[in-house]
Every structure is written in structure tokens, then in C-alpha cells.
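Source file: upload28.csv. Holds: CSV, C-alpha atoms.
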chain,number,residue,atom,x,y,z
A,1,MET,CA,0.0,0.0,0.0
A,2,SER,CA,1.5,3.4,-1.0
A,3,ALA,CA,2.2,6.0,1.6
A,4,LEU,CA,-0.6,8.2,0.0
A,5,ARG,CA,-3.1,5.3,0.3
A,6,VAL,CA,-2.2,4.8,4.0
A,7,LEU,CA,-2.6,8.5,4.6
A,8,GLN,CA,-6.0,8.6,2.9
A,9,SER,CA,-7.1,5.5,4.8
A,10,SER,CA,-6.1,7.0,8.2
A,11,MET,CA,-7.8,10.3,7.3
A,12,ALA,CA,-11.0,8.4,6.4
A,13,THR,CA,-10.9,6.6,9.7
A,14,VAL,CA,-10.6,9.9,11.6
A,15,LEU,CA,-13.5,11.3,9.6
A,16,VAL,CA,-15.7,8.3,10.3
A,17,ASP,CA,-14.9,8.5,14.0
A,18,LYS,CA,-15.9,12.2,14.1
A,19,LEU,CA,-19.1,11.4,12.2
A,20,LEU,CA,-20.1,8.6,14.5
A,21,GLN,CA,-19.3,10.6,17.6
A,22,ALA,CA,-21.4,13.5,16.3
A,23,ALA,CA,-24.3,11.1,15.4
A,24,ILE,CA,-24.2,9.6,19.0
A,25,LYS,CA,-24.0,13.0,20.6
A,26,GLN,CA,-26.9,14.5,18.6
A,27,GLY,CA,-29.1,11.4,18.8
A,28,ALA,CA,-29.1,10.8,15.0
A,29,SER,CA,-30.8,7.5,14.1
A,30,ASP,CA,-29.1,7.2,10.7
A,31,ILE,CA,-26.1,8.6,8.8
A,32,HIS,CA,-26.3,8.9,5.0
A,33,ILE,CA,-23.1,9.0,3.0
A,34,VAL,CA,-23.6,9.7,-0.7
A,35,VAL,CA,-21.5,11.4,-3.4
A,36,GLY,CA,-22.5,15.0,-4.4
A,37,GLN,CA,-23.5,16.3,-0.9
A,38,PRO,CA,-22.2,16.4,2.6
A,39,PRO,CA,-23.0,13.6,5.1
A,40,VAL,CA,-26.7,13.7,6.2
A,41,PHE,CA,-28.1,12.8,9.6
A,42,ARG,CA,-31.6,11.7,10.3
A,43,LEU,CA,-32.7,13.4,13.5
A,44,HIS,CA,-36.1,12.7,15.0
A,45,GLY,CA,-37.2,11.4,11.6
A,46,ARG,CA,-36.1,14.5,9.6
A,47,MET,CA,-33.1,14.6,7.3
A,48,ARG,CA,-30.4,17.2,8.0
A,49,LYS,CA,-27.3,17.9,5.9
A,50,LEU,CA,-24.1,18.6,7.9
A,51,GLU,CA,-22.3,21.8,7.1
A,52,THR,CA,-19.1,20.1,5.9
A,53,LYS,CA,-17.5,19.4,2.6
A,54,VAL,CA,-19.4,17.9,-0.3
A,55,LEU,CA,-18.4,14.2,-0.6
A,56,GLU,CA,-16.7,13.0,-3.8
A,57,ALA,CA,-16.4,9.5,-5.2
A,58,ASP,CA,-13.0,8.9,-3.6
A,59,ASP,CA,-14.3,10.1,-0.2
A,60,THR,CA,-17.1,7.6,-0.1
A,61,VAL,CA,-14.8,4.7,-1.2
A,62,GLN,CA,-12.3,5.6,1.6
A,63,LEU,CA,-15.0,5.9,4.2
A,64,MET,CA,-16.4,2.6,3.2
A,65,LYS,CA,-13.0,0.9,3.3
A,66,SER,CA,-12.3,2.3,6.8
A,67,ILE,CA,-15.2,0.3,8.3
A,68,ALA,CA,-16.3,-2.5,6.0
A,69,PRO,CA,-14.9,-6.0,6.6
A,70,GLU,CA,-13.0,-7.7,3.7
A,71,ARG,CA,-15.9,-10.1,3.0
A,72,CYS,CA,-18.4,-7.2,2.7
A,73,GLN,CA,-16.1,-5.4,0.3
A,74,ARG,CA,-15.9,-8.5,-1.8
A,75,GLU,CA,-19.7,-8.9,-1.7
A,76,LEU,CA,-20.1,-5.2,-2.7
A,77,GLN,CA,-18.0,-5.8,-5.8
A,78,GLU,CA,-19.8,-9.0,-6.7
A,79,SER,CA,-23.4,-8.1,-6.0
A,80,GLY,CA,-23.5,-4.4,-5.7
A,81,SER,CA,-24.4,-4.2,-2.0
A,82,SER,CA,-23.6,-5.6,1.5
A,83,ASP,CA,-24.8,-5.3,5.1
A,84,PHE,CA,-22.8,-5.7,8.3
A,85,GLY,CA,-22.8,-4.5,11.9
A,86,PHE,CA,-19.9,-3.1,13.9
A,87,ALA,CA,-19.3,-1.7,17.4
A,88,PHE,CA,-18.0,1.9,17.9
A,89,GLY,CA,-16.1,1.3,21.1
A,90,SER,CA,-18.5,1.0,24.0
A,91,LEU,CA,-20.6,4.0,22.8
A,92,ALA,CA,-23.0,2.3,20.3
A,93,ARG,CA,-23.3,-0.3,17.5
A,94,PHE,CA,-24.1,0.6,13.9
A,95,ARG,CA,-25.9,-1.5,11.3
A,96,VAL,CA,-24.4,-0.5,7.9
A,97,SER,CA,-25.7,-1.0,4.4
A,98,ILE,CA,-23.1,-0.3,1.6
A,99,PHE,CA,-24.2,-0.2,-2.0
A,100,LYS,CA,-23.4,1.1,-5.5
A,101,GLN,CA,-25.5,3.8,-7.2
A,102,ARG,CA,-24.6,5.5,-10.5
A,103,GLY,CA,-21.3,3.8,-10.3
A,104,CYS,CA,-20.3,5.3,-6.9
A,105,ILE,CA,-20.4,3.9,-3.4
A,106,SER,CA,-23.1,5.0,-0.9
A,107,MET,CA,-23.6,4.0,2.7
A,108,VAL,CA,-26.3,4.2,5.3
A,109,LEU,CA,-25.4,3.7,9.0
A,110,ARG,CA,-28.2,3.0,11.5
A,111,GLN,CA,-27.3,3.7,15.1
A,112,ILE,CA,-28.2,0.9,17.5
A,113,PRO,CA,-28.0,2.3,21.1
A,114,ASN,CA,-26.2,0.1,23.7
A,115,ASP,CA,-28.9,0.9,26.3
A,116,LYS,CA,-31.9,-1.4,26.0
A,117,LEU,CA,-35.1,0.3,27.0
A,118,THR,CA,-37.6,-1.5,29.3
A,119,PRO,CA,-41.0,-2.4,27.8
A,120,GLU,CA,-42.5,0.3,30.2
A,121,GLN,CA,-40.1,2.9,28.8
A,122,LEU,CA,-41.2,2.0,25.3
A,123,GLY,CA,-44.9,2.3,26.3
A,124,LEU,CA,-45.6,-1.4,25.5
A,125,PRO,CA,-48.9,-2.5,26.9
A,126,GLU,CA,-49.2,-5.1,29.6
A,127,SER,CA,-50.9,-7.4,27.1
A,128,VAL,CA,-47.8,-7.6,25.0
A,129,ILE,CA,-45.6,-8.5,28.0
A,130,LYS,CA,-48.0,-11.3,28.9
A,131,MET,CA,-47.9,-12.6,25.4
A,132,CYS,CA,-44.1,-12.7,25.4
A,133,LEU,CA,-44.0,-14.8,28.5
A,134,ARG,CA,-46.2,-17.6,27.1
A,135,PRO,CA,-44.4,-21.0,26.7
A,136,ARG,CA,-45.1,-21.5,23.0
A,137,GLY,CA,-46.4,-19.6,20.0
A,138,LEU,CA,-45.6,-16.9,17.5
A,139,VAL,CA,-45.4,-13.2,18.3
A,140,LEU,CA,-44.9,-10.8,15.4
A,141,VAL,CA,-43.5,-7.2,15.6
A,142,THR,CA,-44.3,-5.4,12.4
A,143,GLY,CA,-44.0,-2.0,10.8
A,144,PRO,CA,-42.1,-0.2,8.0
A,145,THR,CA,-38.3,0.1,8.0
A,146,GLY,CA,-37.1,2.4,10.8
A,147,SER,CA,-40.2,2.1,12.9
A,148,GLY,CA,-38.4,0.7,16.0
A,149,LYS,CA,-39.1,-3.0,15.5
A,150,SER,CA,-35.5,-4.0,16.5
A,151,THR,CA,-35.6,-1.8,19.6
A,152,THR,CA,-38.9,-3.4,20.7
A,153,LEU,CA,-37.6,-6.9,20.2
A,154,ALA,CA,-34.3,-6.1,22.0
A,155,SER,CA,-36.4,-4.8,24.9
A,156,ILE,CA,-38.5,-8.0,25.0
A,157,VAL,CA,-35.5,-10.3,24.8
A,158,ASN,CA,-33.7,-8.3,27.5
A,159,PHE,CA,-36.8,-8.5,29.7
A,160,ILE,CA,-36.9,-12.3,29.4
A,161,ASN,CA,-33.2,-12.5,29.9
A,162,GLU,CA,-33.3,-10.6,33.1
A,163,GLY,CA,-36.2,-12.5,34.7
A,164,HIS,CA,-36.3,-16.0,33.3
A,165,ASP,CA,-33.8,-18.9,33.0
A,166,HIS,CA,-34.3,-19.7,29.3
A,167,HIS,CA,-32.1,-20.5,26.4
A,168,ILE,CA,-32.6,-17.7,23.8
A,169,ILE,CA,-31.4,-18.0,20.2
A,170,THR,CA,-31.5,-15.0,18.0
A,171,ILE,CA,-31.1,-15.2,14.2
A,172,GLU,CA,-30.2,-11.8,12.6
A,173,ASP,CA,-28.8,-10.3,9.5
A,174,PRO,CA,-26.8,-8.5,10.7
A,175,ILE,CA,-26.7,-8.8,14.6
A,176,GLU,CA,-28.0,-5.5,15.9
A,177,PHE,CA,-28.3,-5.4,19.7
A,178,TYR,CA,-25.7,-7.5,21.6
A,179,HIS,CA,-27.1,-9.3,24.6
A,180,GLU,CA,-25.1,-10.5,27.6
A,181,HIS,CA,-26.0,-13.7,29.4
A,182,LYS,CA,-28.0,-12.7,32.5
A,183,LYS,CA,-30.5,-15.1,33.9
A,184,SER,CA,-30.9,-16.7,30.5
A,185,THR,CA,-28.2,-18.2,28.1
A,186,ILE,CA,-28.1,-16.3,24.8
A,187,ASN,CA,-26.7,-17.4,21.4
A,188,GLN,CA,-26.8,-14.9,18.6
A,189,ARG,CA,-26.3,-16.2,15.1
A,190,GLU,CA,-25.6,-13.9,12.1
A,191,VAL,CA,-26.9,-15.0,8.7
A,192,GLY,CA,-24.0,-15.1,6.2
A,193,VAL,CA,-21.4,-15.4,9.0
A,194,ASP,CA,-22.6,-18.1,11.4
A,195,VAL,CA,-25.3,-19.8,9.3
A,196,PRO,CA,-26.2,-19.6,5.6
A,197,SER,CA,-29.9,-18.6,5.9
A,198,PHE,CA,-32.8,-17.8,8.3
A,199,SER,CA,-34.7,-21.0,7.5
A,200,GLU,CA,-31.7,-23.2,8.0
A,201,ALA,CA,-30.9,-21.4,11.3
A,202,ILE,CA,-34.5,-22.0,12.6
A,203,ARG,CA,-34.4,-25.7,11.6
A,204,ARG,CA,-31.0,-26.1,13.4
A,205,ALA,CA,-32.2,-24.2,16.4
A,206,LEU,CA,-34.8,-26.8,17.1
A,207,ARG,CA,-32.0,-29.2,18.0
A,208,GLN,CA,-30.3,-26.7,20.2
A,209,ASP,CA,-32.7,-26.9,23.2
A,210,PRO,CA,-34.2,-23.4,22.8
A,211,ASP,CA,-37.0,-21.8,24.8
A,212,VAL,CA,-37.1,-18.6,22.8
A,213,ILE,CA,-36.2,-18.1,19.1
A,214,LEU,CA,-35.9,-14.6,17.6
A,215,VAL,CA,-36.1,-14.5,13.8
A,216,GLY,CA,-34.8,-11.1,12.6
A,217,GLU,CA,-36.7,-11.1,9.3
A,218,MET,CA,-39.4,-13.4,8.0
A,219,ARG,CA,-38.8,-12.5,4.3
A,220,ASP,CA,-39.6,-15.7,2.4
A,221,LEU,CA,-41.8,-18.8,2.4
A,222,GLU,CA,-39.2,-21.1,3.8
A,223,THR,CA,-38.5,-18.9,6.8
A,224,ILE,CA,-42.2,-18.2,7.5
A,225,SER,CA,-42.9,-21.9,7.3
A,226,ALA,CA,-40.0,-22.9,9.6
A,227,ALA,CA,-41.0,-20.2,12.2
A,228,ILE,CA,-44.6,-21.4,12.3
A,229,SER,CA,-43.4,-25.0,12.8
A,230,ALA,CA,-41.0,-23.9,15.6
A,231,ALA,CA,-43.9,-22.1,17.3
A,232,GLU,CA,-46.1,-25.2,17.0
A,233,THR,CA,-43.5,-27.5,18.5
A,234,GLY,CA,-43.3,-25.8,21.9
A,235,HIS,CA,-41.1,-22.7,21.6
A,236,ILE,CA,-41.9,-19.0,21.7
A,237,VAL,CA,-40.9,-17.5,18.4
A,238,PHE,CA,-40.5,-13.7,17.8
A,239,GLY,CA,-40.4,-12.5,14.2
A,240,THR,CA,-40.7,-9.3,12.2
A,241,LEU,CA,-42.5,-8.4,9.0
A,242,HIS,CA,-42.7,-5.1,7.0
A,243,THR,CA,-46.5,-4.8,7.3
A,244,ASN,CA,-48.4,-1.8,8.7
A,245,SER,CA,-51.4,-3.4,10.4
A,246,ALA,CA,-52.3,-6.5,12.3
A,247,MET,CA,-54.8,-7.6,9.6
A,248,GLY,CA,-52.2,-6.9,6.9
A,249,THR,CA,-49.7,-9.1,8.8
A,250,VAL,CA,-52.0,-12.1,9.0
A,251,ASN,CA,-52.9,-11.8,5.3
A,252,ARG,CA,-49.2,-11.4,4.3
A,253,LEU,CA,-48.3,-14.6,6.1
A,254,ILE,CA,-51.1,-16.6,4.4
A,255,ASP,CA,-50.5,-15.0,1.0
A,256,ALA,CA,-46.8,-16.1,1.1
A,257,PHE,CA,-48.0,-19.7,0.6
A,258,PRO,CA,-49.4,-21.2,-2.7
A,259,GLY,CA,-53.2,-21.4,-2.9
A,260,ASN,CA,-53.4,-25.2,-2.2
A,261,LEU,CA,-51.6,-24.8,1.1
A,262,GLN,CA,-53.4,-21.7,2.4
A,263,ASP,CA,-56.2,-23.6,4.2
A,264,GLN,CA,-53.6,-25.6,6.1
A,265,ILE,CA,-51.6,-22.5,7.0
A,266,ARG,CA,-54.8,-20.7,8.2
A,267,THR,CA,-55.4,-23.6,10.6
A,268,GLN,CA,-51.7,-23.6,11.8
A,269,LEU,CA,-51.7,-19.9,12.3
A,270,SER,CA,-55.0,-20.0,14.2
A,271,THR,CA,-53.4,-22.3,16.8
A,272,SER,CA,-49.8,-20.9,16.8
A,273,LEU,CA,-50.2,-17.1,16.4
A,274,LEU,CA,-50.3,-15.4,19.9
A,275,GLY,CA,-50.4,-11.8,18.6
A,276,VAL,CA,-49.2,-9.0,16.5
A,277,VAL,CA,-47.6,-5.7,17.5
A,278,ALA,CA,-47.7,-3.3,14.5
A,279,GLN,CA,-45.8,-0.1,15.3
A,280,THR,CA,-44.8,3.3,13.9
A,281,LEU,CA,-42.7,6.1,15.2
A,282,ILE,CA,-43.9,9.7,15.2
A,283,PRO,CA,-42.0,13.0,16.0
A,284,LYS,CA,-42.6,14.0,19.6
A,285,ILE,CA,-43.5,17.6,20.5
A,286,GLY,CA,-40.4,19.0,22.2
A,287,GLY,CA,-38.0,16.5,20.5
A,288,GLY,CA,-37.4,12.8,20.2
A,289,ARG,CA,-39.9,10.3,18.9
A,290,VAL,CA,-42.7,8.3,20.4
A,291,ALA,CA,-44.1,4.9,19.3
A,292,ALA,CA,-47.7,4.2,18.5
A,293,TYR,CA,-48.8,0.5,18.6
A,294,GLU,CA,-51.6,-1.5,17.1
A,295,ILE,CA,-52.1,-4.6,19.3
A,296,LEU,CA,-53.8,-7.8,18.2
A,297,VAL,CA,-54.1,-10.5,20.9
A,298,VAL,CA,-55.3,-13.8,19.3
A,299,THR,CA,-58.4,-14.9,21.3
A,300,SER,CA,-60.5,-17.9,20.4
A,301,GLY,CA,-62.8,-15.5,18.4
A,302,ILE,CA,-59.9,-14.1,16.3
A,303,ALA,CA,-58.4,-17.7,15.9
A,304,ASN,CA,-61.8,-18.6,14.3
A,305,LEU,CA,-61.7,-15.5,12.0
A,306,ILE,CA,-58.2,-16.6,10.8
A,307,ARG,CA,-59.2,-20.3,10.3
A,308,GLU,CA,-62.4,-19.3,8.4
A,309,ASN,CA,-60.7,-16.8,6.1
A,310,LYS,CA,-62.5,-13.8,7.6
A,311,THR,CA,-59.5,-11.7,8.3
A,312,PHE,CA,-61.3,-8.6,7.0
A,313,ARG,CA,-63.1,-8.6,10.3
A,314,ILE,CA,-60.0,-8.5,12.4
A,315,GLY,CA,-60.0,-4.7,12.6
A,316,SER,CA,-63.5,-4.5,14.2
A,317,ALA,CA,-62.5,-7.4,16.5
A,318,ILE,CA,-59.5,-5.4,17.7
A,319,GLN,CA,-61.8,-2.4,18.3
A,320,THR,CA,-64.1,-4.4,20.6
A,321,GLY,CA,-61.1,-6.2,22.2
A,322,ALA,CA,-59.9,-3.5,24.6
A,323,LYS,CA,-60.5,-5.7,27.6
A,324,PHE,CA,-57.9,-8.1,26.2
A,325,GLY,CA,-55.4,-5.3,25.8
A,326,MET,CA,-56.1,-4.8,22.0
A,327,GLN,CA,-55.9,-1.4,20.3
A,328,LEU,CA,-56.1,-0.1,16.8
A,329,MET,CA,-53.3,2.1,15.4
A,330,ASP,CA,-55.6,5.1,14.9
A,331,ASP,CA,-56.8,4.9,18.5
A,332,ALA,CA,-53.2,4.9,19.7
A,333,LEU,CA,-52.4,7.9,17.5
A,334,PHE,CA,-55.5,9.7,18.7
A,335,GLN,CA,-54.3,9.2,22.3
A,336,HIS,CA,-50.9,10.7,21.4
A,337,TRP,CA,-52.6,13.8,20.0
A,338,LYS,CA,-55.0,14.0,22.9
A,339,GLY,CA,-52.1,13.7,25.4
A,340,GLY,CA,-50.2,16.6,23.7
A,341,ARG,CA,-47.4,14.3,22.6
A,342,ALA,CA,-47.7,14.8,18.8
A,343,THR,CA,-49.1,17.2,16.3
A,344,VAL,CA,-52.2,16.6,14.2
A,345,GLU,CA,-50.1,16.6,11.0
A,346,ASP,CA,-47.7,13.9,12.2
A,347,ILE,CA,-50.6,11.8,13.6
A,348,LEU,CA,-52.6,11.9,10.3
A,349,SER,CA,-49.5,11.1,8.2
A,350,LYS,CA,-49.3,7.7,10.0
A,351,ALA,CA,-53.1,7.0,10.3
A,352,HIS,CA,-54.6,3.9,8.6
A,353,ARG,CA,-57.8,5.9,8.0
A,354,PRO,CA,-56.7,9.5,8.1
A,355,ASP,CA,-60.2,11.0,7.1
A,356,ASP,CA,-61.9,9.2,10.0
A,357,LEU,CA,-59.2,10.2,12.4
A,358,ALA,CA,-59.3,13.8,11.2
A,359,LYS,CA,-63.0,13.9,11.8
A,360,ARG,CA,-62.6,12.5,15.2
A,361,ILE,CA,-60.1,15.1,16.1
A,362,VAL,CA,-62.4,17.9,14.9
A,363,ASP,CA,-65.2,16.4,17.0
A,364,ALA,CA,-62.9,16.1,20.0
A,365,ARG,CA,-61.9,19.7,19.6
A,366,ARG,CA,-65.6,20.7,19.6
A,367,GLY,CA,-66.1,18.6,22.7
A,368,LEU,CA,-68.4,16.2,20.9
A,369,ASP,CA,-66.4,13.1,21.2
A,370,GLU,CA,-69.0,11.0,23.0
A,371,GLU,CA,-67.3,7.7,22.5
A,372,GLU,CA,-64.2,8.8,24.3
A,373,PRO,CA,-64.8,7.1,27.7
A,374,LYS,CA,-65.3,3.8,25.9
A,375,GLU,CA,-61.9,4.0,24.1
A,376,GLU,CA,-59.7,5.5,26.8
A,377,PHE,CA,-57.0,3.0,27.3
A,378,ASP,CA,-53.8,5.0,27.0
A,379,HIS,CA,-51.1,2.6,28.0
A,380,ASN,CA,-48.8,5.5,28.8
A,381,SER,CA,-47.8,5.0,25.2

Starting from the file, give its structure as C-alpha cells.
Amino acid sequence: MSALRVLQSSMATVLVDKLLQAAIKQGASDIHIVVGQPPVFRLHGRMRKLETKVLEADDTVQLMKSIAPERCQRELQESGSSDFGFAFGSLARFRVSIFKQRGCISMVLRQIPNDKLTPEQLGLPESVIKMCLRPRGLVLVTGPTGSGKSTTLASIVNFINEGHDHHIITIEDPIEFYHEHKKSTINQREVGVDVPSFSEAIRRALRQDPDVILVGEMRDLETISAAISAAETGHIVFGTLHTNSAMGTVNRLIDAFPGNLQDQIRTQLSTSLLGVVAQTLIPKIGGGRVAAYEILVVTSGIANLIRENKTFRIGSAIQTGAKFGMQLMDDALFQHWKGGRATVEDILSKAHRPDDLAKRIVDARRGLDEEEPKEEFDHNS
């Protein structure tokens, strides 16, 4: 390596270190590195350009090389993108996606805080915690990218780890939150490093005496099928999907299978699915963000709806299931507005039925919201 290359490389390392320190200090959730503009931070959901130099093609290459493992640099050359996680000292971990665009290198670094929040701090309802302590079944945490799914799952795993003597296996791509052994024993397997695929890891896990299996992403038929089987055979399985609502999640699982298998999957899901937590993050008045949750708890009534292919009725079943700890996303959003935690604009941008919610807010402002007592179950969310 020439002296100039060594110098460039060490300068890139210094620059990355400064960027990461600034991101941690300011509470940025993501850092975007792309040719043609300065680095960009995502702060409280909004993108903000730093007032530094515009990045050129060489800059992004050097920045990438200063943090990417050799195997990821090879994968980038071969397939045009790669993902990995790395620790920045003891301050934080970052999940990194490197990729090519218009012939240049771009990167997005997602900050993963070292501190795991408790379910109470996240505003998770009691019904979710009860669900997670069941001995067997499938619990799904869903939502779009960047909605806090990983944070919620890390919180649940940590909660189990602190209070129960279980064997927990996590299967992730890449590993995000690192967990220490507390009351439980934890094995964390990284897809592409420790095991070739999610589905293979789940099948192997069944021979590893697990109590809890966390599946980082249920992205294909094989993985979904393996996760449902694991939940049926006496393990609690946590998984994630990129769906926005509880009803959408159940439909997405069933639709992943070919038509001739869908009846069988409906039956399996009706007995193995414990519940769905669909979540989104909204900017909080005064800074930071706050999570809103849609909660589906699978009761015998909802199990029947799944089995009989009447998932279109799940929404109204959630609405009438408050006593089981269920809540619709729009009700959770309404409570955030009512509690002064979020603006009308931010609430409506995440609503499933924005017109209905807008009308409800108008009625509430007029003091006409007669249904309010019936729906007031704000789980300090």
C-alpha cells in the first residue's frame, strides 16, 4: 500500500470516527453517505445535511473501506451491496448498508444504542408482555423500516433475559443489539457469518434446546414456514415483517403460501399465532420520537376468523377487544394527539384511516367526542 493510500485511509478513519461521535451526541438514528452532498443525519425522523464538505467519489470509497470487513467489500464488488454490523467502542453499535449507485459507493449507517429500554419505557402495553411470557407460540412485531421493531424486540429479549432462566437463540442479518448472558443463556447467530440462511438457522435451532427463538426477518416462504413450525413444537418465536397493520400481517403470512396450502396455513396460524404488535414512530412535540402501537391478541374468536378466512373482520374485533389489551393504530395515534405528545399533521400522516381520524379530532376539539370514555386506554404509550 502506498504512503498516500495509507494516509488517505487513516484520514478516512478519523473522519468516520468524528461522524459517529457527532451522530451519537446529537441522537441521530441514521447517517447517509452519498456522493454529491455532505453527510446527512436523520434526526427525530427528519433529514439534516451537515455543514461540511461535499463528498466526492474517492471520499465515499475511503469511508467505506475504513469500516467494511473484507468479506463485505468482496460482496459489494460481486453483488452491488452488502450489510454488516460493527461496534463503535463502548458507545454504540451501527448497522451498515453499503451499496453502489450511479457507479459510486453510498452508505447508510443505522445507530443501535447500547442501552436497551424497558417495555415500560417504550410504552408497550401489559398485554404484549403477557404474550411474550407464554411458553409457546408466534409473536410478530411489524412496521415499516425504521419504525423501531429492532428496539422493541431487543427490549422484550432483555426483559426475558433478566427475569427467566431460558435458552434464547437470535437469528439476525446482521446482529443488531448485543445481549449478555443474564438469567438466560443467549446465542446470537448472524446470517452469512454463522449460518447460511434464516430458514436453515431455525431448523438447526430446534436441535439446540431453545426456549425462545428470535427471527430477525421473515422474508420468504421457507423462513415463515420454519418459524410457524417452531412455534407449534413448543417454543416461543418472535419474528418481524414489514407490514403496517395486524390484519395486513395475517394476510401477508397466508399469501406467502401457494393457494393449495393456504387452508392448512390458516389452521396452523389460528393455533400458533399469539399476537401482532404493529408499530410506527412519530416525532414527539419537544424533540425525540414516540411509538404508537396496534395490538392484536389472538383470542379464540380471532383464531376462528383466521381459520375461516374472515381476516377482513380483524379490525373490528380489535376495536371491541380493549378488555384483552387490544388497540387499533388510529386509537393509539389519537391518544398521542390528545395527550399533547404529537401534532395533528404527524398523527394523520401515520393513520390507517386519516379521514376518519381527522373527523374524530375535529369532533374532540368541539367537545363532541361522546365515544371517548369507551376507548380511553392510553397505556402510557

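Residue nearest Ala291 in chain A, chosen from A:Val139, A:Thr145, A:Leu122, A:Met218 and counting all atoms listed in the file: A:Leu122.
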
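Near Met64 in chain A, within 9 Å and counting all atoms listed in the file, sit Ala12, Asp59, Thr60, Val61, Gln62, Ser66, Ile67, Ala68, Gln73, Ile98, Ile105, Ser106 and Met107 of chain A; same-chain residues fewer than 2 positions away were not included.
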
For Leu221 in chain A, list every protein, DNA or RNA residue within 10 Å, evaluated using only C-alpha atoms, and leave out those in the same chain fewer than 3 positions away; present the list as a PyMOL selection string. chain A and resi 199+218+224-227+253-258

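Our summary of the geometry notes that CA of Ala351 in chain A is positioned 27.9 Å from CA of Ser300 in chain A.
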
Residues within 12 Å of Arg365 in chain A, all atoms listed in the file, excluding chain neighbours under 6 positions, as a PDB file with C-alpha atoms, in the frame of the given file:
ATOM      1  CA  PHE A 334     -55.500   9.700  18.700  1.00  0.00           C
ATOM      2  CA  TRP A 337     -52.600  13.800  20.000  1.00  0.00           C
ATOM      3  CA  LYS A 338     -55.000  14.000  22.900  1.00  0.00           C
ATOM      4  CA  VAL A 344     -52.200  16.600  14.200  1.00  0.00           C
ATOM      5  CA  ALA A 358     -59.300  13.800  11.200  1.00  0.00           C
ATOM      6  CA  LYS A 359     -63.000  13.900  11.800  1.00  0.00           C
TER       7      LYS A 359
END

Might you pull out every residue within 10 Å of Pro144 in chain A, with only C-alpha atoms counted and same-chain residues fewer than 5 positions away left off, and present them as a PyMOL selection string? chain A and resi 149+241-244+278-281

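With all atoms listed in the file taken into account, every residue lying no more than 7 Å from the file point (-28.7, -9.9, 12.5) is included here: Ile171, Glu172, Asp173, Pro174, Ile175, Glu176, Glu190, Val191 and Gly216 of chain A.
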
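Compared by their closest atoms to Met131 in chain A, and using all atoms listed in the file, the residues A:Thr240, A:Ile156, A:Arg95, A:Thr52 rank with A:Ile156 nearest.
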